[in-house]
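Here the structure comes first, spelled out in structure tokens, and everything after it is commentary.
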Amino acid sequence: MNNSKQRQEPLKEQMLQSMRRLASSVTIVSSSNGEQRHAMAATSVTSLSVEPPSLLVCVNQSTAMHALLEEGVDFCVNILSREQEEVSTMCGGKAHGEDRFLTGNWESSKEGLPYLADAQSVLICEQDGKYSYGTHTIYIGRIKQIQNSEEVSPLIYVDGRYTTAAEAVTA
């Protein structure tokens with residue numbers, strides 16, 4: 001093993017440990033190409049700009065969702081509430097394909113995108129760019145429609161487990 005590789009392995013492990021300390025709201029990214037629906041749990045979602053309203057979604061290139069997004073389809077970001085841990089577990093790998101839609105209150109937008117009707121927030125996005133980096137692709141979603149719930153009670157993922165905010169608040 002060369003010195004560069006030796007230095008990278010501890011750095012990779014240290015980064016993984018650091019990211020366990022980065023608490024994130026749990027989201028489900030969902031999409032459809034008209035024939036198949038896909039949904040995956042994601043914590044690597046962040047706002048990009050308010051003009052135009054947009055966000056970033058990072059997707060591992062080995063996932064079925066990546067293959068679908070590479071077709072250029074639009075997508076939905078569902079921000080989960082603390083009551084939706086089971087939906088996250090199913091979309092995080094416990095279930096596959098269409099079975100991921102057996103848990104949760106799934107509906108379809110007028111554009112045919114699956115979304116969780118009872119999510120804290122639903123952001124319907126038009127795919128508006130992408131950037132490949134390492135093992136992931138960063139997709140830009142230009143927000144076209146938003147549905148927010150009254151209560152703010154996020155499902156949070158940190159240190160390999162789910163937790164919540166100390167108390168729920170009303171927006």
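Residues in the structure tokens are numbered from 1 in each chain, the chains being A, B, ... in the order shown, and ligands are numbered from 1 in the order shown.
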May I have the residues within 9 Å of Leu69 (chain A) as a PyMOL selection string, using only C-alpha atoms and disregarding those fewer than 3 positions away in the same chain? chain A and resi 31-33+64-66+72-75+127+139
Those residues you just picked out, can you put them in a file as a compact mmCIF listing (two decimals), in the first residue's frame with N, CA, C and O atoms?
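Writing done, so here's part39.txt:
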# COMPACT_ATOMS: atom_id res chain seq x y z
N SER A 31 -39.69 9.74 -6.74
CA SER A 31 -39.79 10.11 -8.15
C SER A 31 -40.47 9.00 -8.93
O SER A 31 -40.71 7.91 -8.40
N SER A 32 -40.75 9.29 -10.18
CA SER A 32 -41.35 8.31 -11.08
C SER A 32 -41.01 8.68 -12.52
O SER A 32 -40.92 9.86 -12.85
N ASN A 33 -40.83 7.65 -13.32
CA ASN A 33 -40.62 7.89 -14.75
C ASN A 33 -41.89 7.55 -15.54
O ASN A 33 -41.84 7.40 -16.75
N ALA A 64 -30.88 2.71 -7.14
CA ALA A 64 -31.91 2.71 -8.18
C ALA A 64 -32.42 4.13 -8.42
O ALA A 64 -32.74 4.50 -9.56
N MET A 65 -32.48 4.94 -7.37
CA MET A 65 -32.92 6.33 -7.52
C MET A 65 -31.98 7.09 -8.44
O MET A 65 -32.42 7.89 -9.27
N HIS A 66 -30.68 6.82 -8.34
CA HIS A 66 -29.71 7.50 -9.20
C HIS A 66 -30.00 7.18 -10.67
O HIS A 66 -30.00 8.07 -11.51
N GLY A 72 -33.36 12.18 -16.14
CA GLY A 72 -33.77 13.57 -16.17
C GLY A 72 -35.13 13.85 -15.57
O GLY A 72 -35.67 14.94 -15.73
N VAL A 73 -35.69 12.87 -14.86
CA VAL A 73 -37.03 13.04 -14.29
C VAL A 73 -37.01 14.03 -13.12
O VAL A 73 -35.97 14.27 -12.50
N ASP A 74 -38.16 14.59 -12.82
CA ASP A 74 -38.33 15.48 -11.68
C ASP A 74 -38.44 14.63 -10.41
O ASP A 74 -38.56 13.41 -10.48
N PHE A 75 -38.40 15.30 -9.26
CA PHE A 75 -38.44 14.56 -8.00
C PHE A 75 -39.12 15.37 -6.92
O PHE A 75 -39.38 16.57 -7.09
N GLN A 127 -36.04 18.90 -12.04
CA GLN A 127 -34.59 18.71 -12.08
C GLN A 127 -33.98 19.83 -12.93
O GLN A 127 -34.39 20.06 -14.06
N TYR A 139 -27.85 16.62 -7.40
CA TYR A 139 -28.94 17.06 -8.28
C TYR A 139 -29.50 18.37 -7.75
O TYR A 139 -29.73 18.52 -6.55
According to DSSP computed on the backbone, where in region 14-145 of chain A is there strand (DSSP E or B)? Give the residues as number ranges by chain. A: 24-25, 27-32, 37-42, 45-50, 53-60, 75-79, 81, 106-108, 114-116, 121-133, 136-145
Kindly export the residues of the current selection with C-alpha atoms, as a PDB file, in the first residue's frame.
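Everything below was put into out.pdb:
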ATOM      1  CA  SER A  24     -29.827  15.939   9.864  1.00  0.00           C
ATOM      2  CA  SER A  25     -33.528  16.052   9.205  1.00  0.00           C
ATOM      3  CA  THR A  27     -36.168  13.162   4.045  1.00  0.00           C
ATOM      4  CA  ILE A  28     -37.558  10.773   1.488  1.00  0.00           C
ATOM      5  CA  VAL A  29     -36.701  11.598  -2.098  1.00  0.00           C
ATOM      6  CA  SER A  30     -39.363  10.181  -4.402  1.00  0.00           C
ATOM      7  CA  SER A  31     -39.786  10.111  -8.147  1.00  0.00           C
ATOM      8  CA  SER A  32     -41.350   8.306 -11.077  1.00  0.00           C
ATOM      9  CA  ARG A  37     -41.925   4.735  -8.713  1.00  0.00           C
ATOM     10  CA  HIS A  38     -38.833   5.051  -6.539  1.00  0.00           C
ATOM     11  CA  ALA A  39     -38.275   6.360  -3.026  1.00  0.00           C
ATOM     12  CA  MET A  40     -35.148   6.547  -0.893  1.00  0.00           C
ATOM     13  CA  ALA A  41     -34.311   7.899   2.545  1.00  0.00           C
ATOM     14  CA  ALA A  42     -31.830  10.766   2.438  1.00  0.00           C
ATOM     15  CA  VAL A  45     -30.531  17.400   1.220  1.00  0.00           C
ATOM     16  CA  THR A  46     -30.034  21.139   1.671  1.00  0.00           C
ATOM     17  CA  SER A  47     -31.404  24.442   0.466  1.00  0.00           C
ATOM     18  CA  LEU A  48     -29.487  26.107  -2.350  1.00  0.00           C
ATOM     19  CA  SER A  49     -31.185  29.409  -3.170  1.00  0.00           C
ATOM     20  CA  VAL A  50     -34.401  31.332  -2.601  1.00  0.00           C
ATOM     21  CA  PRO A  53     -36.237  28.571  -4.928  1.00  0.00           C
ATOM     22  CA  SER A  54     -34.037  25.476  -5.159  1.00  0.00           C
ATOM     23  CA  LEU A  55     -32.313  22.731  -3.235  1.00  0.00           C
ATOM     24  CA  LEU A  56     -29.571  20.127  -3.565  1.00  0.00           C
ATOM     25  CA  VAL A  57     -30.020  16.371  -3.234  1.00  0.00           C
ATOM     26  CA  CYS A  58     -26.966  14.090  -3.118  1.00  0.00           C
ATOM     27  CA  VAL A  59     -27.574  10.555  -4.400  1.00  0.00           C
ATOM     28  CA  ASN A  60     -25.180   7.607  -4.378  1.00  0.00           C
ATOM     29  CA  PHE A  75     -38.439  14.557  -8.003  1.00  0.00           C
ATOM     30  CA  CYS A  76     -40.076  15.303  -4.695  1.00  0.00           C
ATOM     31  CA  VAL A  77     -38.422  15.895  -1.320  1.00  0.00           C
ATOM     32  CA  ASN A  78     -40.581  14.801   1.619  1.00  0.00           C
ATOM     33  CA  ILE A  79     -39.364  16.160   4.983  1.00  0.00           C
ATOM     34  CA  SER A  81     -42.000  14.173  10.980  1.00  0.00           C
ATOM     35  CA  TRP A 106     -48.516   8.062  -0.408  1.00  0.00           C
ATOM     36  CA  GLU A 107     -50.365  10.081  -3.036  1.00  0.00           C
ATOM     37  CA  SER A 108     -49.464  11.309  -6.528  1.00  0.00           C
ATOM     38  CA  PRO A 114     -45.316  10.152  -5.493  1.00  0.00           C
ATOM     39  CA  TYR A 115     -45.343  12.162  -2.258  1.00  0.00           C
ATOM     40  CA  LEU A 116     -46.159  11.630   1.418  1.00  0.00           C
ATOM     41  CA  SER A 121     -43.155  19.463   4.113  1.00  0.00           C
ATOM     42  CA  VAL A 122     -43.424  18.324   0.503  1.00  0.00           C
ATOM     43  CA  LEU A 123     -41.267  20.074  -2.094  1.00  0.00           C
ATOM     44  CA  ILE A 124     -42.004  19.188  -5.701  1.00  0.00           C
ATOM     45  CA  CYS A 125     -38.943  19.911  -7.807  1.00  0.00           C
ATOM     46  CA  GLU A 126     -38.047  20.133 -11.450  1.00  0.00           C
ATOM     47  CA  GLN A 127     -34.589  18.710 -12.085  1.00  0.00           C
ATOM     48  CA  ASP A 128     -32.443  21.710 -13.008  1.00  0.00           C
ATOM     49  CA  GLY A 129     -28.856  20.481 -13.173  1.00  0.00           C
ATOM     50  CA  LYS A 130     -26.457  17.918 -11.806  1.00  0.00           C
ATOM     51  CA  TYR A 131     -22.830  17.520 -10.848  1.00  0.00           C
ATOM     52  CA  SER A 132     -21.037  14.196 -10.464  1.00  0.00           C
ATOM     53  CA  TYR A 133     -18.484  13.979  -7.651  1.00  0.00           C
ATOM     54  CA  HIS A 136     -22.401  10.612  -5.675  1.00  0.00           C
ATOM     55  CA  THR A 137     -24.256  12.941  -7.988  1.00  0.00           C
ATOM     56  CA  ILE A 138     -25.557  16.273  -6.725  1.00  0.00           C
ATOM     57  CA  TYR A 139     -28.940  17.055  -8.279  1.00  0.00           C
ATOM     58  CA  ILE A 140     -30.375  20.564  -8.279  1.00  0.00           C
ATOM     59  CA  GLY A 141     -34.114  20.764  -7.815  1.00  0.00           C
ATOM     60  CA  ARG A 142     -35.918  23.957  -8.768  1.00  0.00           C
ATOM     61  CA  ILE A 143     -38.905  24.030  -6.430  1.00  0.00           C
ATOM     62  CA  LYS A 144     -42.234  24.271  -8.253  1.00  0.00           C
ATOM     63  CA  GLN A 145     -44.696  23.568  -5.451  1.00  0.00           C
TER      64      GLN A 145
END
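Each of A:Val26, A:Leu80, A:Met19, A:Ile156 was compared to Gln120 (chain A) using only C-alpha atoms, and A:Leu80 turns out to be the nearest.
With CA of Pro154 (chain A) on one side and CA of Glu86 (chain A) on the other, the separation reads 13.8 Å.
Residue nearest Arg100 (chain A), chosen from A:Gln14, A:Ser149, A:Thr164, A:Gln36 and counting only C-alpha atoms: A:Gln36.
CA of Gly97 (chain A) sits 18.7 Å away from CA of Gln84 (chain A).
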Identify, on the basis of only C-alpha atoms, every residue whose closest approach to Gln17 (chain A) does not exceed 12 Å; exclude the query and any residue fewer than 5 positions from it along the same chain; express the result as a list in words. Pro10, Leu11, Lys12, Leu22, Val158, Asp159 and Gly160 of chain A
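CA of Ala67 (chain A) to CA of Leu102 (chain A) spans 21.8 Å [interatomic distance, one decimal].
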Please report, as number ranges by chain, each residue of chain A to which DSSP assigns helix (DSSP H, G or I) when run on this structure's backbone. A: 3-19, 64-69, 82-94, 97-101
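The closest residue to Tyr162 (chain A), picked from A:Ser44, A:Thr103, A:Ser88, A:Gln61 and counting only C-alpha atoms, is A:Ser88.
Compared by their closest atoms to Glu150 (chain A), and using only C-alpha atoms, the residues A:Glu51, A:Glu9, A:Asp118, A:Glu98 rank with A:Asp118 nearest.
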